[in-house]
file entry_25.txt (compact mmCIF, C-alpha atoms)
# COMPACT_ATOMS: atom_id res chain seq x y z
CA MET A 1 96.84 86.14 68.18
CA ALA A 2 100.02 84.68 69.72
CA GLU A 3 100.10 84.05 73.46
CA MET A 4 102.18 86.57 75.39
CA LYS A 5 105.24 85.15 77.09
CA SER A 6 107.15 88.19 78.30
CA VAL A 7 106.20 91.52 79.83
CA GLY A 8 108.22 94.68 80.33
CA VAL A 9 107.24 97.16 83.02
CA VAL A 10 108.68 100.67 83.20
CA GLY A 11 108.55 102.23 86.66
CA ALA A 12 109.23 100.35 89.89
CA GLY A 13 106.93 102.30 92.18
CA GLN A 14 103.89 100.81 93.87
CA MET A 15 101.95 100.47 90.61
CA GLY A 16 104.82 99.18 88.48
CA SER A 17 106.05 96.67 91.06
CA GLY A 18 102.49 95.45 91.55
CA ILE A 19 102.00 94.95 87.81
CA ALA A 20 105.34 93.11 87.61
CA GLN A 21 104.26 90.88 90.50
CA LEU A 22 101.00 90.02 88.73
CA ALA A 23 102.83 89.12 85.52
CA ALA A 24 105.44 86.98 87.27
CA THR A 25 102.85 85.07 89.32
CA SER A 26 100.86 84.48 86.11
CA GLY A 27 103.75 82.58 84.56
CA LEU A 28 105.23 85.32 82.37
CA ASP A 29 108.86 86.39 82.15
CA VAL A 30 109.16 89.95 83.42
CA TRP A 31 111.64 92.79 83.00
CA LEU A 32 111.08 95.54 85.58
CA MET A 33 112.90 98.71 84.57
CA ASP A 34 113.62 101.84 86.58
CA ALA A 35 116.50 104.29 86.37
CA ASP A 36 116.47 104.46 90.18
CA ARG A 37 118.22 101.35 91.53
CA ASP A 38 116.88 102.05 95.02
CA ALA A 39 113.35 101.86 93.59
CA LEU A 40 114.20 98.47 92.09
CA SER A 41 115.48 97.26 95.45
CA ARG A 42 112.32 98.43 97.20
CA ALA A 43 110.19 96.74 94.53
CA THR A 44 112.05 93.44 94.94
CA ALA A 45 111.60 93.60 98.71
CA ALA A 46 107.88 94.35 98.35
CA ILE A 47 107.29 91.54 95.86
CA SER A 48 109.29 88.95 97.83
CA SER A 49 107.49 89.90 101.04
CA SER A 50 104.21 89.05 99.32
CA GLU A 51 105.24 85.38 99.34
CA VAL A 52 104.81 84.97 95.59
CA GLY A 53 107.04 81.89 95.51
CA ASP A 54 110.46 81.08 94.10
CA ASP A 55 109.19 80.40 90.58
CA ALA A 56 107.75 83.90 90.26
CA MET A 57 110.88 85.52 91.69
CA HIS A 58 113.02 83.61 89.19
CA ARG A 59 110.92 84.98 86.33
CA LEU A 60 111.46 88.56 87.51
CA ARG A 61 114.50 90.42 86.21
CA LEU A 62 115.50 93.96 87.11
CA THR A 63 117.23 96.53 84.96
CA SER A 64 118.03 100.22 84.66
CA ASN A 65 118.54 99.86 80.91
CA LEU A 66 115.46 100.49 78.79
CA GLU A 67 116.92 98.46 75.93
CA ASP A 68 116.59 95.27 77.98
CA LEU A 69 112.85 95.43 77.24
CA CYS A 70 113.47 94.86 73.53
CA SER A 71 112.15 91.28 73.53
CA ALA A 72 108.94 91.91 75.54
CA ASP A 73 105.60 91.10 73.92
CA ILE A 74 103.98 93.99 75.79
CA ILE A 75 105.53 96.90 77.69
CA VAL A 76 103.44 98.55 80.39
CA GLU A 77 104.41 102.07 81.39
CA ALA A 78 103.77 103.00 85.03
CA ILE A 79 105.73 106.22 85.53
CA VAL A 80 104.85 109.73 86.71
CA GLU A 81 101.47 111.09 85.53
CA SER A 82 102.89 113.66 83.11
CA GLU A 83 101.92 113.68 79.45
CA ASP A 84 105.22 115.15 78.28
CA ILE A 85 107.31 112.62 80.19
CA LYS A 86 105.14 109.72 79.05
CA LYS A 87 105.30 110.86 75.42
CA LYS A 88 109.09 110.92 75.52
CA LEU A 89 109.12 107.42 76.99
CA PHE A 90 106.73 106.11 74.33
CA LYS A 91 108.92 107.59 71.60
CA ASP A 92 111.96 105.86 73.11
CA LEU A 93 110.10 102.56 73.55
CA ASP A 94 108.91 102.70 69.94
CA GLY A 95 112.53 102.65 68.83
CA ILE A 96 113.49 99.81 71.18
CA ALA A 97 110.54 97.39 71.27
CA LYS A 98 110.14 94.67 68.69
CA SER A 99 107.75 95.51 65.85
CA SER A 100 104.97 93.25 67.15
CA ALA A 101 105.07 94.57 70.73
CA ILE A 102 102.14 96.36 72.33
CA LEU A 103 102.90 99.58 74.21
CA ALA A 104 100.48 100.05 77.11
CA SER A 105 100.08 102.90 79.56
CA ASN A 106 98.87 102.65 83.14
CA THR A 107 97.80 106.29 82.99
CA SER A 108 94.72 107.11 85.02
CA SER A 109 93.56 110.00 82.84
CA ILE A 110 95.94 111.05 80.01
CA SER A 111 94.83 110.63 76.39
CA ILE A 112 95.99 107.36 74.84
CA THR A 113 95.58 108.88 71.39
CA ARG A 114 98.07 111.63 72.23
CA LEU A 115 100.54 109.16 73.72
CA ALA A 116 100.22 107.00 70.62
CA SER A 117 101.02 110.00 68.42
CA ALA A 118 104.60 109.87 69.73
CA THR A 119 105.07 106.44 68.11
CA ARG A 120 105.02 104.89 64.65
CA ARG A 121 102.69 102.14 65.89
CA PRO A 122 99.50 103.87 67.10
CA SER A 123 97.45 100.75 66.38
CA GLN A 124 99.52 98.92 69.03
CA VAL A 125 99.18 101.54 71.78
CA ILE A 126 96.53 101.08 74.46
CA GLY A 127 95.61 102.09 77.99
CA MET A 128 95.84 99.39 80.66
CA HIS A 129 94.83 101.15 83.87
CA PHE A 130 95.31 99.01 86.97
CA MET A 131 93.79 100.02 90.28
CA ASN A 132 95.93 100.53 93.38
CA PRO A 133 97.32 98.16 94.62
CA PRO A 134 97.40 96.03 91.43
CA PRO A 135 97.78 92.58 93.05
CA ILE A 136 94.66 93.13 95.18
CA MET A 137 92.24 95.29 93.20
CA LYS A 138 90.12 93.30 90.76
CA LEU A 139 89.66 95.83 87.96
CA VAL A 140 91.68 96.73 84.90
CA GLU A 141 90.32 99.58 82.80
CA ILE A 142 91.25 99.18 79.12
CA ILE A 143 91.28 102.34 77.02
CA ARG A 144 91.26 102.34 73.25
CA GLY A 145 92.96 105.22 71.47
CA ALA A 146 91.64 106.53 68.17
CA ASP A 147 93.80 104.06 66.23
CA THR A 148 94.03 101.12 68.64
CA SER A 149 93.41 97.93 66.68
CA GLU A 150 90.96 95.21 67.63
CA GLU A 151 93.86 92.74 67.83
CA THR A 152 95.67 94.96 70.34
CA PHE A 153 92.51 95.37 72.40
CA LEU A 154 91.77 91.64 72.50
CA ALA A 155 95.37 90.72 73.37
CA THR A 156 95.38 93.22 76.23
CA LYS A 157 92.02 91.99 77.50
CA VAL A 158 93.21 88.37 77.44
CA LEU A 159 96.33 89.36 79.40
CA ALA A 160 94.29 91.21 82.05
CA GLU A 161 92.03 88.18 82.40
CA ARG A 162 95.10 85.95 82.73
CA PHE A 163 96.01 88.16 85.68
CA GLY A 164 92.61 87.27 87.18
CA LYS A 165 91.14 90.73 86.59
CA THR A 166 87.71 91.96 85.58
CA THR A 167 87.96 94.37 82.65
CA VAL A 168 85.93 97.35 81.52
CA CYS A 169 86.53 99.18 78.26
CA SER A 170 86.57 102.95 77.93
CA GLN A 171 86.81 105.21 74.94
CA ASP A 172 89.58 107.79 75.04
CA TYR A 173 87.96 110.66 76.92
CA ALA A 174 89.45 112.53 79.86
CA GLY A 175 89.40 110.47 83.06
CA PHE A 176 88.04 107.37 81.28
CA VAL A 177 85.36 105.62 83.40
CA VAL A 178 86.61 105.21 86.95
CA ASN A 179 88.35 108.53 87.49
CA ARG A 180 85.67 110.46 85.59
CA ILE A 181 83.36 109.46 88.46
CA LEU A 182 85.75 108.96 91.39
CA MET A 183 87.92 112.09 91.24
CA PRO A 184 85.06 114.63 91.19
CA MET A 185 83.70 112.86 94.29
CA ILE A 186 87.07 113.20 96.02
CA ASN A 187 87.30 116.83 94.87
CA GLU A 188 83.83 117.51 96.30
CA ALA A 189 84.92 115.96 99.59
CA PHE A 190 87.75 118.49 99.67
CA HIS A 191 85.25 121.29 99.00
CA THR A 192 83.12 119.98 101.86
CA LEU A 193 86.14 120.15 104.17
CA TYR A 194 87.31 123.50 102.72
CA THR A 195 83.98 125.22 103.31
CA GLY A 196 83.64 123.86 106.86
CA VAL A 197 80.59 121.69 106.26
CA ALA A 198 82.08 118.89 108.37
CA THR A 199 85.32 117.55 109.78
CA LYS A 200 87.46 115.19 107.73
CA GLU A 201 86.53 112.35 110.07
CA ASP A 202 82.79 112.98 109.66
CA ILE A 203 83.07 113.33 105.88
CA ASP A 204 84.78 109.96 105.63
CA SER A 205 82.53 108.31 108.20
CA GLY A 206 79.44 109.60 106.41
CA MET A 207 80.50 108.07 103.10
CA LYS A 208 81.64 104.78 104.65
CA HIS A 209 78.55 104.19 106.74
CA GLY A 210 76.03 106.02 104.59
CA THR A 211 76.99 104.65 101.16
CA ASN A 212 78.87 101.47 102.14
CA HIS A 213 82.21 102.64 100.72
CA PRO A 214 85.12 100.70 102.24
CA MET A 215 87.11 103.92 102.61
CA GLY A 216 86.08 107.53 102.90
CA PRO A 217 86.98 109.83 99.98
CA LEU A 218 89.62 111.75 101.94
CA GLU A 219 91.24 108.55 103.22
CA LEU A 220 91.22 107.25 99.67
CA ALA A 221 92.80 110.45 98.36
CA ASP A 222 95.65 109.99 100.84
CA LEU A 223 96.13 106.42 99.63
CA ILE A 224 96.10 107.40 95.95
CA GLY A 225 98.31 110.45 96.49
CA LEU A 226 96.99 114.00 96.54
CA ASP A 227 99.36 114.94 93.70
CA VAL A 228 97.80 112.22 91.54
CA CYS A 229 94.29 113.41 92.44
CA LEU A 230 95.21 116.97 91.52
CA SER A 231 96.79 115.87 88.25
CA VAL A 232 93.65 113.96 87.25
CA MET A 233 91.38 116.88 88.15
CA LYS A 234 93.49 119.17 85.97
CA VAL A 235 93.17 116.72 83.07
CA LEU A 236 89.39 116.56 83.57
CA HIS A 237 89.09 120.35 83.80
CA GLU A 238 91.19 120.94 80.69
CA GLY A 239 89.85 118.01 78.68
CA LEU A 240 86.14 118.49 79.40
CA GLY A 241 86.13 122.29 79.71
CA ASP A 242 83.63 122.43 82.56
CA SER A 243 84.22 124.51 85.69
CA LYS A 244 82.73 121.77 87.86
CA TYR A 245 86.03 119.91 87.41
CA ALA A 246 88.17 122.77 88.73
CA PRO A 247 90.42 121.44 91.54
CA CYS A 248 89.43 122.52 95.05
CA PRO A 249 91.79 125.23 96.38
CA LEU A 250 92.42 123.13 99.50
CA LEU A 251 93.62 120.19 97.40
CA VAL A 252 95.94 122.53 95.50
CA GLN A 253 97.25 124.00 98.77
CA TYR A 254 97.98 120.59 100.28
CA VAL A 255 99.95 119.52 97.21
CA ASP A 256 101.86 122.81 97.19
CA ALA A 257 102.76 122.17 100.84
CA GLY A 258 104.05 118.66 100.04
CA ARG A 259 101.18 117.00 101.87
CA LEU A 260 100.78 114.21 99.34
CA GLY A 261 99.23 111.51 101.50
CA ARG A 262 100.48 108.24 102.91
CA LYS A 263 103.62 108.15 100.76
CA ARG A 264 104.82 111.37 102.44
CA GLY A 265 103.48 110.59 105.90
CA VAL A 266 100.95 113.42 105.83
CA GLY A 267 98.08 114.44 103.60
CA VAL A 268 94.55 115.10 104.79
CA TYR A 269 95.52 112.90 107.74
CA ASP A 270 98.85 112.77 109.57
CA TYR A 271 100.42 109.29 109.53
CA ARG A 272 103.79 110.22 111.00
CA GLU A 273 102.95 109.53 114.63
CA ALA A 274 101.50 106.13 113.77
CA THR A 275 104.66 105.27 111.81
CA GLN A 276 106.86 106.32 114.71
CA LYS A 277 104.85 104.15 117.09
CA LEU A 278 105.40 101.15 114.82
CA SER A 279 109.15 101.79 114.50
CA PRO A 280 111.40 99.70 116.76
CA ARG A 281 112.86 101.60 119.69
CA LEU A 282 116.64 101.37 120.17

call {"tool": "encode", "arguments": {"input": "entry_25.txt", "output": "structure tokens"}}
result
Amino acid sequence: MAEMKSVGVVGAGQMGSGIAQLAATSGLDVWLMDADRDALSRATAAISSSEVGDDAMHRLRLTSNLEDLCSADIIVEAIVESEDIKKKLFKDLDGIAKSSAILASNTSSISITRLASATRRPSQVIGMHFMNPPPIMKLVEIIRGADTSEETFLATKVLAERFGKTTVCSQDYAGFVVNRILMPMINEAFHTLYTGVATKEDIDSGMKHGTNHPMGPLELADLIGLDVCLSVMKVLHEGLGDSKYAPCPLLVQYVDAGRLGRKRGVGVYDYREATQKLSPRL
């Protein structure tokens, strides 16, 4: 198993830029690709503000051309959580990447087997689910598709460990390990708020102080993104066929209203006033 020297990352949002930062600070050459040049600029600013050092910044290259990832040993996809969009990307990557390259997805819930079916290299397709934010959170969840080879699994595990991460392995079932447990808890917190059992503050305080969670489930949902939470719940509901995974109507309503959490300034909580207070006054 040859040592990986170069990594491609598709998607320059918070997850993709964080994964690129990890790779660059671990001594790998990195191509970070996004069709949105503004997203690339924001990613560069975020990574440089993390004081990763000049060496890491020199190893990081930006592009809006997918074909620039052709020499990468592994390409990690970190785009929108949509199976159709991811499948199209994997089909395109399959035609661009070198024959030995591993194609990995940062999906939090979508079937790796189905993503692999869009390629001619299903044995080299794997799930590599980083937690948010990737440079800080210690876990990487590795998901084996139906045809993922042992060599692909071991190479991906070695890479995650090179990043300083603890790994857990999941079989390819809806939600994998972490979100199979986490998202129903968040969904139940929404039901608790929806049915008037307690206020959002008391729900979060109860879980923080009663179960020693660092964040309450509603605060965490805002950090993750309510649209992402809803997407995962839909995958769980469809994939496992149990009504207990049906998304809470309040979660659906918030997403419909554009209340997606911190990234939009409002979710369960309203962050807009706090942001305004931090903004410089002219």

call {"tool": "residues_around", "arguments": {"input": "entry_25.txt", "residues": "Met57 in chain A", "least_positions_apart": "5", "cutoff": "10 Å", "atoms": "all atoms listed in the file", "output": "list in words"}}
result
Gln21, Ala24, Thr25, Asp29, Val30, Thr44, Ile47, Ser48, Glu51 and Val52 of chain A

call {"tool": "closest_residue", "arguments": {"input": "entry_25.txt", "among": "A:Ile75, A:Cys229, A:Leu223, A:Ala12", "to": "Lys263 in chain A", "atoms": "all atoms listed in the file"}}
result
A:Leu223

call {"tool": "atom_distance", "arguments": {"input": "entry_25.txt", "atom1": "CA of Thr152 in chain A", "atom2": "CA of Pro122 in chain A"}}
result
10.2 Å

call {"tool": "closest_residue", "arguments": {"input": "entry_25.txt", "among": "A:Val80, A:Leu89, A:Ala2, A:Ile126", "to": "Glu67 in chain A", "atoms": "only C-alpha atoms"}}
result
A:Leu89

call {"tool": "atom_distance", "arguments": {"input": "entry_25.txt", "atom1": "CA of Ala45 in chain A", "atom2": "CA of Ala20 in chain A"}}
result
12.8 Å
